[in-house]
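Undergrad: File follows, final.cif with mmCIF, C-alpha atoms and all ligand atoms:
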data_structure
loop_
_atom_site.label_atom_id
_atom_site.label_comp_id
_atom_site.auth_asym_id
_atom_site.auth_seq_id
_atom_site.Cartn_x
_atom_site.Cartn_y
_atom_site.Cartn_z
CA MET G 1 -19.76 208.48 -38.69
CA THR G 2 -16.29 208.96 -37.23
CA LYS G 3 -13.86 206.21 -38.15
CA SER G 4 -12.71 204.26 -35.11
CA ILE G 5 -9.16 202.92 -34.87
CA PRO G 6 -9.23 199.12 -34.79
CA ASN G 7 -7.64 197.22 -31.91
CA ILE G 8 -5.62 194.27 -33.16
CA LEU G 9 -4.31 191.49 -30.95
CA LEU G 10 -1.18 189.70 -32.13
CA ILE G 11 -0.86 186.18 -30.72
CA TYR G 12 2.58 184.58 -31.03
CA THR G 13 2.49 180.79 -30.70
CA GLY G 14 5.96 180.05 -32.05
CA GLY G 15 7.56 179.17 -35.36
CA THR G 16 10.26 180.71 -37.51
CA ILE G 17 8.53 184.06 -37.88
CA GLY G 18 9.21 185.08 -34.30
CA MET G 19 12.86 184.09 -34.24
CA ILE G 20 15.96 186.21 -34.40
CA LYS G 21 19.57 185.17 -34.65
CA ASP G 22 21.55 185.67 -31.49
CA PRO G 23 24.36 187.98 -32.65
CA GLU G 24 26.90 186.15 -30.50
CA THR G 25 26.04 182.48 -30.96
CA GLY G 26 24.19 182.64 -34.31
CA ALA G 27 21.45 180.37 -32.88
CA LEU G 28 17.78 181.14 -33.55
CA ARG G 29 15.81 182.18 -30.50
CA ALA G 30 12.28 183.51 -29.87
CA PHE G 31 11.88 187.22 -30.47
CA ASP G 32 10.86 189.40 -27.52
CA PHE G 33 7.38 190.47 -28.59
CA ASP G 34 7.18 193.16 -25.93
CA ASN G 35 9.70 195.02 -28.06
CA LEU G 36 7.88 194.39 -31.30
CA LEU G 37 7.28 198.04 -32.13
CA ILE G 38 10.92 198.88 -31.51
CA ARG G 39 12.15 196.04 -33.74
CA ILE G 40 9.65 196.69 -36.54
CA PRO G 41 9.07 200.45 -36.56
CA GLU G 42 6.94 200.14 -39.73
CA LEU G 43 4.14 198.82 -37.51
CA LYS G 44 3.76 202.33 -36.04
CA LEU G 45 2.64 203.54 -39.45
CA LEU G 46 -0.35 201.19 -39.47
CA ASP G 47 -3.74 202.68 -38.76
CA CYS G 48 -4.51 200.48 -35.73
CA ASN G 49 -3.65 199.87 -32.08
CA ILE G 50 -1.56 196.72 -31.69
CA SER G 51 -1.30 194.69 -28.52
CA THR G 52 0.59 191.42 -28.22
CA THR G 53 0.46 188.20 -26.27
CA THR G 54 2.63 185.12 -26.55
CA PHE G 55 2.51 181.49 -25.53
CA ASN G 56 4.48 181.07 -22.28
CA GLU G 57 6.72 178.72 -24.18
CA PRO G 58 6.52 179.35 -27.93
CA ILE G 59 6.61 176.08 -29.86
CA ASP G 60 7.79 174.83 -33.22
CA SER G 61 4.48 174.01 -34.89
CA SER G 62 5.56 170.41 -35.38
CA ASN G 63 4.82 170.07 -31.66
CA MET G 64 1.29 171.46 -32.14
CA GLU G 65 -1.50 169.66 -30.25
CA PRO G 66 -5.26 170.19 -29.92
CA LYS G 67 -4.68 171.47 -26.36
CA TYR G 68 -2.83 174.45 -27.90
CA TRP G 69 -5.74 175.01 -30.32
CA VAL G 70 -7.88 175.43 -27.20
CA ASP G 71 -5.33 177.90 -25.78
CA ILE G 72 -5.54 180.03 -28.96
CA ALA G 73 -9.35 179.84 -28.94
CA GLU G 74 -9.42 180.97 -25.30
CA ILE G 75 -7.16 183.95 -25.97
CA ILE G 76 -9.54 185.00 -28.76
CA GLU G 77 -12.58 184.39 -26.55
CA GLU G 78 -11.17 186.48 -23.69
CA ASN G 79 -10.31 189.38 -25.99
CA TYR G 80 -13.22 189.09 -28.42
CA ASP G 81 -15.16 192.10 -27.17
CA SER G 82 -12.21 194.45 -26.78
CA CYS G 83 -10.45 193.59 -30.07
CA ASP G 84 -11.55 194.11 -33.66
CA GLY G 85 -9.21 191.57 -35.22
CA PHE G 86 -6.65 188.90 -34.41
CA VAL G 87 -3.38 187.93 -36.06
CA VAL G 88 -1.99 184.55 -35.03
CA LEU G 89 1.72 184.00 -35.66
CA HIS G 90 2.33 180.30 -36.10
CA GLY G 91 4.93 177.97 -37.59
CA SER G 92 4.06 177.16 -41.16
CA ASP G 93 4.45 173.36 -40.84
CA THR G 94 1.10 172.71 -39.19
CA MET G 95 -0.52 176.09 -39.71
CA SER G 96 -3.26 174.71 -41.98
CA TYR G 97 -4.27 172.19 -39.31
CA THR G 98 -4.48 174.77 -36.51
CA ALA G 99 -6.21 177.38 -38.64
CA SER G 100 -8.73 174.80 -39.93
CA ALA G 101 -9.42 173.64 -36.37
CA LEU G 102 -9.98 177.21 -35.18
CA SER G 103 -12.47 177.77 -38.00
CA PHE G 104 -14.65 174.99 -36.54
CA MET G 105 -14.04 175.91 -32.89
CA LEU G 106 -15.08 179.57 -33.39
CA GLU G 107 -18.73 179.25 -34.37
CA HIS G 108 -20.45 182.47 -35.53
CA LEU G 109 -17.10 184.28 -35.68
CA ALA G 110 -17.75 187.79 -36.95
CA LYS G 111 -14.21 189.22 -36.77
CA PRO G 112 -11.01 188.47 -38.67
CA VAL G 113 -8.61 185.83 -37.36
CA ILE G 114 -5.58 185.86 -39.66
CA PHE G 115 -2.92 183.17 -39.37
CA THR G 116 0.52 183.94 -40.74
CA GLY G 117 4.13 182.90 -40.40
CA SER G 118 7.23 182.95 -42.54
CA GLN G 119 9.88 180.82 -44.14
CA LEU G 120 12.74 183.02 -42.84
CA PRO G 121 13.04 184.53 -39.33
CA ILE G 122 11.95 188.11 -38.79
CA GLY G 123 15.52 189.17 -38.07
CA ASP G 124 16.89 187.78 -41.35
CA LEU G 125 17.86 190.31 -44.01
CA ARG G 126 15.85 188.54 -46.75
CA THR G 127 12.93 187.73 -44.50
CA ASP G 128 9.39 187.25 -45.79
CA ALA G 129 8.16 187.79 -42.21
CA LYS G 130 7.76 191.57 -42.35
CA GLU G 131 5.48 191.61 -45.38
CA ASN G 132 3.44 188.69 -44.07
CA LEU G 133 3.06 190.32 -40.66
CA ILE G 134 2.37 193.88 -41.83
CA THR G 135 -0.20 192.86 -44.46
CA SER G 136 -1.90 190.43 -42.07
CA ILE G 137 -2.34 193.25 -39.56
CA GLN G 138 -3.65 195.51 -42.32
CA ILE G 139 -6.15 192.87 -43.41
CA ALA G 140 -7.28 192.29 -39.82
CA SER G 141 -7.83 196.07 -39.54
CA LEU G 142 -9.99 196.43 -42.65
CA GLN G 143 -13.35 197.94 -41.78
CA HIS G 144 -16.42 199.22 -43.54
CA TYR G 145 -18.55 201.62 -41.44
CA ASN G 146 -16.53 200.53 -38.37
CA LYS G 147 -17.42 196.85 -38.95
CA PRO G 148 -14.82 194.24 -39.92
CA ILE G 149 -14.75 193.24 -43.58
CA ILE G 150 -13.25 189.79 -42.97
CA LYS G 151 -15.37 187.61 -40.68
CA GLU G 152 -13.65 184.25 -40.77
CA VAL G 153 -10.41 182.40 -40.07
CA CYS G 154 -7.91 183.07 -42.86
CA LEU G 155 -4.30 182.32 -43.69
CA TYR G 156 -2.09 185.00 -45.22
CA PHE G 157 1.18 184.07 -46.88
CA GLU G 158 3.29 185.57 -49.68
CA TYR G 159 0.81 188.15 -51.00
CA LYS G 160 -2.29 185.94 -50.79
CA LEU G 161 -5.14 185.66 -48.34
CA TYR G 162 -6.84 182.27 -48.25
CA ARG G 163 -9.79 180.76 -46.41
CA ALA G 164 -7.80 178.89 -43.75
CA ASN G 165 -9.73 175.62 -43.92
CA ARG G 166 -9.04 175.40 -47.67
CA THR G 167 -5.25 175.59 -47.38
CA THR G 168 -2.42 173.09 -47.51
CA LYS G 169 1.31 173.63 -47.12
CA ILE G 170 2.83 172.63 -50.43
CA ASN G 171 6.41 173.84 -50.31
CA ALA G 172 9.08 173.64 -47.62
CA GLU G 173 11.36 176.15 -49.32
CA HIS G 174 9.53 178.63 -51.51
CA PHE G 175 8.11 181.78 -49.98
CA GLU G 176 4.83 180.76 -51.63
CA ALA G 177 4.39 177.87 -49.21
CA PHE G 178 0.61 177.46 -49.23
CA THR G 179 -2.13 176.88 -51.74
CA SER G 180 -5.90 176.65 -51.85
CA LEU G 181 -6.72 174.57 -54.88
CA ASN G 182 -10.44 174.12 -54.30
CA TYR G 183 -11.40 177.68 -53.34
CA PRO G 184 -10.43 181.06 -54.81
CA ASP G 185 -8.05 183.42 -52.99
CA LEU G 186 -9.90 185.84 -50.71
CA ALA G 187 -7.48 188.68 -51.37
CA GLU G 188 -4.29 189.49 -53.19
CA SER G 189 -1.69 192.00 -52.10
CA GLY G 190 -0.05 193.91 -54.91
CA VAL G 191 0.25 197.63 -55.37
CA HIS G 192 -3.28 197.60 -53.97
CA LEU G 193 -4.89 195.20 -51.57
CA LYS G 194 -7.54 193.55 -53.72
CA ILE G 195 -10.31 191.88 -51.70
CA ASN G 196 -12.50 189.38 -53.54
CA ASN G 197 -15.67 190.24 -51.66
CA GLU G 198 -17.82 187.65 -53.39
CA TYR G 199 -15.77 184.81 -51.87
CA LEU G 200 -15.75 186.03 -48.26
CA PHE G 201 -17.62 184.01 -45.65
CA LYS G 202 -20.82 185.69 -44.50
CA PRO G 203 -21.76 184.54 -40.99
CA ASN G 204 -25.18 185.06 -39.45
CA ALA G 205 -24.75 188.53 -37.93
CA ARG G 206 -27.38 187.98 -35.24
CA LYS G 207 -25.59 185.07 -33.60
CA GLN G 208 -23.06 185.40 -30.77
CA LEU G 209 -19.62 183.78 -30.88
CA VAL G 210 -19.65 180.25 -29.46
CA VAL G 211 -16.26 178.72 -28.66
CA HIS G 212 -16.13 174.92 -28.84
CA LYS G 213 -13.31 173.35 -26.87
CA GLU G 214 -14.16 169.64 -26.90
CA LEU G 215 -12.03 167.83 -29.47
CA GLU G 216 -11.85 164.05 -29.87
CA LYS G 217 -8.32 162.88 -30.58
CA ASN G 218 -9.05 159.16 -31.03
CA ILE G 219 -9.08 159.23 -34.79
CA ALA G 220 -6.85 157.87 -37.56
CA LEU G 221 -5.64 159.07 -40.94
CA VAL G 222 -5.13 156.22 -43.42
CA LYS G 223 -3.57 156.83 -46.81
CA LEU G 224 -4.14 153.98 -49.26
CA PHE G 225 -1.35 152.73 -51.51
CA PRO G 226 -1.25 149.86 -53.96
CA GLY G 227 -0.36 146.80 -51.89
CA ILE G 228 -1.51 148.07 -48.47
CA SER G 229 -1.98 144.94 -46.38
CA LYS G 230 -5.04 143.48 -44.71
CA GLN G 231 -2.96 142.91 -41.59
CA LEU G 232 -2.00 146.56 -41.25
CA LEU G 233 -5.50 147.89 -41.90
CA THR G 234 -7.12 145.35 -39.57
CA CYS G 235 -4.75 146.50 -36.88
CA ILE G 236 -5.55 150.21 -37.42
CA PHE G 237 -9.32 149.78 -37.66
CA ASN G 238 -9.32 147.72 -34.44
CA THR G 239 -7.45 150.31 -32.39
CA ALA G 240 -9.01 150.62 -28.92
CA ASP G 241 -11.35 153.62 -28.54
CA LEU G 242 -11.11 154.56 -32.20
CA LYS G 243 -13.96 156.95 -33.06
CA GLY G 244 -13.35 157.94 -36.67
CA VAL G 245 -11.07 157.47 -39.67
CA ILE G 246 -10.10 159.79 -42.51
CA LEU G 247 -9.47 157.48 -45.47
CA GLU G 248 -7.32 159.04 -48.20
CA THR G 249 -8.37 157.27 -51.37
CA TYR G 250 -7.30 157.64 -54.99
CA GLY G 251 -8.59 160.22 -57.48
CA ALA G 252 -12.30 160.93 -57.16
CA GLY G 253 -12.60 158.72 -54.06
CA ASN G 254 -11.68 155.32 -55.49
CA CYS G 255 -10.18 152.28 -53.77
CA THR G 256 -9.60 148.57 -54.22
CA THR G 257 -12.79 146.50 -54.54
CA GLU G 258 -11.23 143.45 -52.84
CA ASP G 259 -13.77 141.77 -50.55
CA TRP G 260 -11.52 141.79 -47.47
CA PHE G 261 -11.12 145.55 -47.75
CA ILE G 262 -14.80 146.39 -48.24
CA ASN G 263 -15.79 143.97 -45.45
CA LEU G 264 -13.30 145.52 -43.07
CA LEU G 265 -14.75 148.99 -43.73
CA LYS G 266 -18.28 147.65 -43.34
CA GLU G 267 -17.52 146.00 -39.99
CA THR G 268 -15.83 149.17 -38.78
CA ILE G 269 -18.86 151.30 -39.65
CA GLN G 270 -21.15 148.76 -37.96
CA LYS G 271 -19.12 149.24 -34.76
CA GLY G 272 -20.09 152.94 -34.87
CA ILE G 273 -16.77 154.24 -36.18
CA HIS G 274 -17.19 156.99 -38.80
CA ILE G 275 -15.13 156.70 -42.00
CA ILE G 276 -14.65 159.74 -44.21
CA ASN G 277 -13.51 159.44 -47.81
CA VAL G 278 -11.11 162.20 -48.91
CA THR G 279 -8.96 162.25 -52.00
CA GLN G 280 -5.17 161.98 -52.06
CA CYS G 281 -5.17 164.52 -54.90
CA SER G 282 -4.33 168.08 -53.90
CA GLY G 283 -7.28 169.43 -55.88
CA GLY G 284 -10.69 168.15 -56.94
CA SER G 285 -13.42 166.25 -55.18
CA VAL G 286 -14.53 162.81 -54.05
CA MET G 287 -17.50 161.63 -56.11
CA MET G 288 -18.59 158.30 -54.75
CA GLY G 289 -20.46 156.25 -57.33
CA GLN G 290 -18.74 157.79 -60.34
CA TYR G 291 -16.62 154.63 -60.75
CA GLU G 292 -17.35 151.05 -59.78
CA THR G 293 -14.36 151.33 -57.43
CA SER G 294 -16.19 153.81 -55.22
CA GLU G 295 -19.76 152.57 -55.66
CA LYS G 296 -19.31 150.01 -52.88
CA LEU G 297 -18.10 152.65 -50.45
CA LYS G 298 -21.28 154.61 -51.00
CA LYS G 299 -23.43 151.52 -50.34
CA ILE G 300 -21.81 150.71 -46.99
CA GLY G 301 -22.28 154.24 -45.59
CA ILE G 302 -18.88 155.85 -46.01
CA ILE G 303 -19.08 159.63 -45.54
CA SER G 304 -18.01 161.80 -48.48
CA GLY G 305 -15.42 164.44 -47.67
CA LYS G 306 -16.17 166.00 -51.09
CA ASP G 307 -13.40 168.54 -51.84
CA ILE G 308 -12.26 169.08 -48.24
CA THR G 309 -8.52 169.19 -47.49
CA THR G 310 -7.10 166.46 -45.28
CA GLU G 311 -6.18 169.12 -42.70
CA ALA G 312 -9.77 170.37 -42.49
CA ALA G 313 -11.17 166.82 -42.62
CA ILE G 314 -9.16 165.89 -39.52
CA SER G 315 -10.14 168.93 -37.48
CA LYS G 316 -13.79 168.72 -38.58
CA LEU G 317 -13.87 165.10 -37.42
CA MET G 318 -12.29 165.97 -34.05
CA TYR G 319 -14.73 168.86 -33.66
CA LEU G 320 -17.92 166.96 -34.59
CA LEU G 321 -16.97 163.96 -32.44
CA GLY G 322 -16.47 166.39 -29.57
CA GLN G 323 -20.00 167.73 -30.16
CA ASN G 324 -21.60 164.34 -29.49
CA VAL G 325 -23.60 164.53 -32.71
CA SER G 326 -26.08 161.64 -32.86
CA PRO G 327 -24.80 158.73 -35.01
CA LYS G 328 -27.85 159.06 -37.27
CA LEU G 329 -27.12 162.70 -38.09
CA PHE G 330 -23.34 162.47 -38.21
CA LYS G 331 -23.05 161.66 -41.93
CA THR G 332 -25.43 164.45 -42.96
CA ILE G 333 -23.71 167.02 -40.77
CA TYR G 334 -20.21 165.99 -41.86
CA GLU G 335 -21.25 166.27 -45.51
CA THR G 336 -22.59 169.81 -44.90
CA ALA G 337 -20.28 172.82 -45.28
CA LEU G 338 -20.15 174.35 -41.79
CA ARG G 339 -17.51 177.06 -42.29
CA GLY G 340 -17.06 177.09 -46.05
CA GLU G 341 -14.65 174.16 -45.87
CA MET G 342 -16.27 172.21 -48.73
CA SER G 343 -18.15 173.12 -51.89
N1 LIG Y 1 9.28 174.26 -38.22
C1 LIG Y 1 8.74 175.59 -38.23
C2 LIG Y 1 7.36 175.54 -37.60
O1 LIG Y 1 6.44 175.11 -38.23
C3 LIG Y 1 8.69 176.12 -39.62
C4 LIG Y 1 8.07 177.47 -39.75
O2 LIG Y 1 7.87 178.21 -38.82
O3 LIG Y 1 7.76 177.83 -40.87
O4 LIG Y 1 7.21 175.93 -36.48
#
I need this file expressed as structure tokens, please.
Ligand code: ASP
TA:
Amino acid sequence: MTKSIPNILLIYTGGTIGMIKDPETGALRAFDFDNLLIRIPELKLLDCNISTTTFNEPIDSSNMEPKYWVDIAEIIEENYDSCDGFVVLHGSDTMSYTASALSFMLEHLAKPVIFTGSQLPIGDLRTDAKENLITSIQIASLQHYNKPIIKEVCLYFEYKLYRANRTTKINAEHFEAFTSLNYPDLAESGVHLKINNEYLFKPNARKQLVVHKELEKNIALVKLFPGISKQLLTCIFNTADLKGVILETYGAGNCTTEDWFINLLKETIQKGIHIINVTQCSGGSVMMGQYETSEKLKKIGIISGKDITTEAAISKLMYLLGQNVSPKLFKTIYETALRGEMS
């Protein structure tokens, strides 16, 4: 079999990675991606064909919105047949949210979609952007008998490849800005690129890509703290058109057992609003029923987020609400791992 040269599409959405310092003013501005190969000649050495596309107006990822998730999904959909892999350049601040959302939106994905970014702009002398970009493209190009090795949405940063929907940004300064505490790294880049094959997602090869674009934004994220008031929570849970709530509880999914609190959750669920229990801890899992302080949540029908990250919990909720899943099935489906996002 002759080895084909993979076609990789680079999608620039914004963020520090694509910025260079204007030599005259010193201000950071978006890099001209049409000149990518001229600016980073190392890319010519890679064993793939690279094409690029950028958002009309690249954004700082703090301005990220589900409508832009749909834009990224559509670019991938339009180029899915002609490209073998995708590298999405994105600001690091909300990268885990976008990448998690894309993992749900791209059902039966059978090609690599690698998100990356950097802490320093690509034009900076000490930049981490070049390594992140070059290795991401290499990973997206990996093939075995002309078939992609990675078949899921990943995030590559500072020598590590993670399952995207398992990641969280943990550091605003270090080059090692992300972690995946509840799932092993998919690959590590050292002298060799070491792929941990046993942890890669294995989609059903017979199914065609389905791109889901309906996302429900009427949801809330509530983080408990000792002393959180009834007044505040009553206000949040009675928000007009609210469809679901991610409740960040303590430890293994514990919360206050005060009657007003449990009753408020119960009434909310009775109104048809889904409540998902996720832990405030960076690692570990919700285990409702382990302590008396979570037993009541289990009884009233709270959904367990198990060991999902908050970023993935939010996008999974938006995605499933957009799918019009029947209320009876919602809990079961939410508690099922759809894209390897929970154990
Ligand atoms: N604020 C930037 C962004 O998320 C930071 C970065 O690119 O890392 O777009």
Undergrad: Could you make a table, as JSON lines, of the residues of chain G that have an atom within 7 Å of an atom of ligand LIG 1 (chain Y), each with its nearest atom pair and distance in Å to one decimal, counting all atoms listed in the file, in chain and number order?
TA:
{"residue": "G:Gly14", "atom": "CA", "partner": "Y:LIG1", "partner_atom": "O4", "distance": 6.2}
{"residue": "G:Gly15", "atom": "CA", "partner": "Y:LIG1", "partner_atom": "O4", "distance": 3.4}
{"residue": "G:Thr16", "atom": "CA", "partner": "Y:LIG1", "partner_atom": "O2", "distance": 3.7}
{"residue": "G:Ile17", "atom": "CA", "partner": "Y:LIG1", "partner_atom": "O2", "distance": 6.0}
{"residue": "G:Ile59", "atom": "CA", "partner": "Y:LIG1", "partner_atom": "O4", "distance": 6.6}
{"residue": "G:Asp60", "atom": "CA", "partner": "Y:LIG1", "partner_atom": "O4", "distance": 3.5}
{"residue": "G:Ser61", "atom": "CA", "partner": "Y:LIG1", "partner_atom": "O4", "distance": 3.7}
{"residue": "G:Ser62", "atom": "CA", "partner": "Y:LIG1", "partner_atom": "O1", "distance": 5.6}
{"residue": "G:His90", "atom": "CA", "partner": "Y:LIG1", "partner_atom": "O2", "distance": 6.5}
{"residue": "G:Gly91", "atom": "CA", "partner": "Y:LIG1", "partner_atom": "O2", "distance": 3.2}
{"residue": "G:Ser92", "atom": "CA", "partner": "Y:LIG1", "partner_atom": "O3", "distance": 3.8}
{"residue": "G:Asp93", "atom": "CA", "partner": "Y:LIG1", "partner_atom": "O1", "distance": 3.7}
{"residue": "G:Thr94", "atom": "CA", "partner": "Y:LIG1", "partner_atom": "O1", "distance": 5.9}
{"residue": "G:Gly117", "atom": "CA", "partner": "Y:LIG1", "partner_atom": "O2", "distance": 6.2}
{"residue": "G:Ser118", "atom": "CA", "partner": "Y:LIG1", "partner_atom": "O3", "distance": 5.4}
{"residue": "G:Gln119", "atom": "CA", "partner": "Y:LIG1", "partner_atom": "O3", "distance": 4.9}
Undergrad: Counting all atoms listed in the file, figure out which residue out of G:Phe261, G:Tyr250, G:Tyr156, G:Phe201 gets nearest to Leu109 in chain G.
TA: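 Among G:Phe261, G:Tyr250, G:Tyr156, G:Phe201, it is G:Phe201 that comes nearest to Leu109 in chain G.
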Undergrad: Could you check the closest approach to Leu120 in chain G for each of G:Met19, G:Ala30, G:Val88, G:Ala73 and tell me which residue wins, using all atoms listed in the file?
TA: G:Met19
Undergrad: Looking at all atoms listed in the file, which of G:Leu133, G:Ile8, G:Ile149, G:Leu329 is the one that sits closest to Asp81 in chain G?
TA: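 Using all atoms listed in the file, the shortest distance to Asp81 in chain G belongs to G:Ile8.
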Undergrad: Skip Arg166 in chain G itself and residues of its chain fewer than 5 positions away, then list as number ranges by chain all residues within 8 Å of it, counting all atoms listed in the file.
TA: G: 100, 180-183, 308-309, 312, 341-342
Undergrad: With all atoms listed in the file as the counted atoms, please give the residues lying no more than 12 Å from Ser141 in chain G, apart from itself and same-chain residues fewer than 5 positions off, as a PyMOL selection string.
TA: chain G and resi 3-10+46-50+83-87+111-114+134-136+146-151
Undergrad: Figure out the distance between CA of Pro121 in chain G and CA of Arg29 in chain G, please, to one decimal in Å.
TA: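 Computed distance, CA of Arg29 in chain G to CA of Pro121 in chain G, equals 9.5 Å.
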Undergrad: Could you please determine the separation between CA of Leu106 in chain G and CA of Ala313 in chain G in Å, to one decimal place?
TA: 16.2 Å
Undergrad: Using only C-alpha atoms, which of G:Val211, G:Ile139, G:Leu155, G:Leu36 sits nearest Ile76 in chain G?
TA: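 Result for the nearest residue to Ile76 in chain G: G:Val211.
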Undergrad: Tell me which of G:Phe175, G:Tyr145, G:Phe115, G:Phe330 sits closest to Tyr162 in chain G, counting only C-alpha atoms.
TA: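 Selected residue with least distance to Tyr162 in chain G: G:Phe115.
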Undergrad: Quick one: pull the distance between CA of Gly289 in chain G and CA of His274 in chain G, Å, one decimal.
TA: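 Computed distance, CA of Gly289 in chain G to CA of His274 in chain G, equals 18.8 Å.
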Undergrad: Between G:Lys243, G:Lys298, G:Lys194, G:Lys230, which one has atoms that come closest to Asn218 in chain G, using all atoms listed in the file?
TA: G:Lys243
Undergrad: Which neighbours of range 265-271 of chain G fall inside 9 Å, counting all atoms listed in the file, when residues of the same chain fewer than 6 positions from it are skipped, and could you give them as a PyMOL selection string?
TA: chain G and resi 237-238+297+300-302
Undergrad: Atoms are missing here; could range 72-88 of chain G be completed with N, CA and C atoms and written as a PDB file, in the coordinates of the input?
TA:
ATOM      1  N   ILE G  72      -5.359 178.906 -28.007  1.00  0.00           N
ATOM      2  CA  ILE G  72      -5.540 180.030 -28.960  1.00  0.00           C
ATOM      3  C   ILE G  72      -7.004 180.479 -28.930  1.00  0.00           C
ATOM      4  N   ALA G  73      -7.918 179.501 -28.948  1.00  0.00           N
ATOM      5  CA  ALA G  73      -9.350 179.840 -28.940  1.00  0.00           C
ATOM      6  C   ALA G  73      -9.706 180.632 -27.685  1.00  0.00           C
ATOM      7  N   GLU G  74      -9.104 180.256 -26.552  1.00  0.00           N
ATOM      8  CA  GLU G  74      -9.420 180.970 -25.300  1.00  0.00           C
ATOM      9  C   GLU G  74      -8.879 182.392 -25.300  1.00  0.00           C
ATOM     10  N   ILE G  75      -7.712 182.579 -25.897  1.00  0.00           N
ATOM     11  CA  ILE G  75      -7.160 183.950 -25.970  1.00  0.00           C
ATOM     12  C   ILE G  75      -8.124 184.809 -26.803  1.00  0.00           C
ATOM     13  N   ILE G  76      -8.609 184.243 -27.904  1.00  0.00           N
ATOM     14  CA  ILE G  76      -9.540 185.000 -28.760  1.00  0.00           C
ATOM     15  C   ILE G  76     -10.849 185.265 -28.008  1.00  0.00           C
ATOM     16  N   GLU G  77     -11.328 184.247 -27.316  1.00  0.00           N
ATOM     17  CA  GLU G  77     -12.580 184.390 -26.550  1.00  0.00           C
ATOM     18  C   GLU G  77     -12.467 185.503 -25.504  1.00  0.00           C
ATOM     19  N   GLU G  78     -11.349 185.481 -24.757  1.00  0.00           N
ATOM     20  CA  GLU G  78     -11.170 186.480 -23.690  1.00  0.00           C
ATOM     21  C   GLU G  78     -11.066 187.905 -24.239  1.00  0.00           C
ATOM     22  N   ASN G  79     -10.547 188.035 -25.444  1.00  0.00           N
ATOM     23  CA  ASN G  79     -10.310 189.380 -25.990  1.00  0.00           C
ATOM     24  C   ASN G  79     -11.293 189.750 -27.098  1.00  0.00           C
ATOM     25  N   TYR G  80     -12.318 188.918 -27.264  1.00  0.00           N
ATOM     26  CA  TYR G  80     -13.220 189.090 -28.420  1.00  0.00           C
ATOM     27  C   TYR G  80     -13.950 190.433 -28.402  1.00  0.00           C
ATOM     28  N   ASP G  81     -14.394 190.848 -27.227  1.00  0.00           N
ATOM     29  CA  ASP G  81     -15.160 192.100 -27.170  1.00  0.00           C
ATOM     30  C   ASP G  81     -14.280 193.336 -27.304  1.00  0.00           C
ATOM     31  N   SER G  82     -13.063 193.242 -26.764  1.00  0.00           N
ATOM     32  CA  SER G  82     -12.210 194.450 -26.780  1.00  0.00           C
ATOM     33  C   SER G  82     -11.378 194.584 -28.059  1.00  0.00           C
ATOM     34  N   CYS G  83     -11.278 193.505 -28.846  1.00  0.00           N
ATOM     35  CA  CYS G  83     -10.450 193.590 -30.070  1.00  0.00           C
ATOM     36  C   CYS G  83     -11.314 193.481 -31.323  1.00  0.00           C
ATOM     37  N   ASP G  84     -10.815 194.119 -32.382  1.00  0.00           N
ATOM     38  CA  ASP G  84     -11.550 194.110 -33.660  1.00  0.00           C
ATOM     39  C   ASP G  84     -11.013 193.057 -34.612  1.00  0.00           C
ATOM     40  N   GLY G  85      -9.801 192.582 -34.341  1.00  0.00           N
ATOM     41  CA  GLY G  85      -9.210 191.570 -35.220  1.00  0.00           C
ATOM     42  C   GLY G  85      -8.040 190.902 -34.533  1.00  0.00           C
ATOM     43  N   PHE G  86      -7.708 189.697 -35.025  1.00  0.00           N
ATOM     44  CA  PHE G  86      -6.650 188.900 -34.410  1.00  0.00           C
ATOM     45  C   PHE G  86      -5.679 188.414 -35.479  1.00  0.00           C
ATOM     46  N   VAL G  87      -4.385 188.484 -35.153  1.00  0.00           N
ATOM     47  CA  VAL G  87      -3.380 187.930 -36.060  1.00  0.00           C
ATOM     48  C   VAL G  87      -2.620 186.873 -35.258  1.00  0.00           C
ATOM     49  N   VAL G  88      -2.645 185.637 -35.752  1.00  0.00           N
ATOM     50  CA  VAL G  88      -1.990 184.550 -35.030  1.00  0.00           C
ATOM     51  C   VAL G  88      -0.702 184.186 -35.755  1.00  0.00           C
TER      52      VAL G  88
END
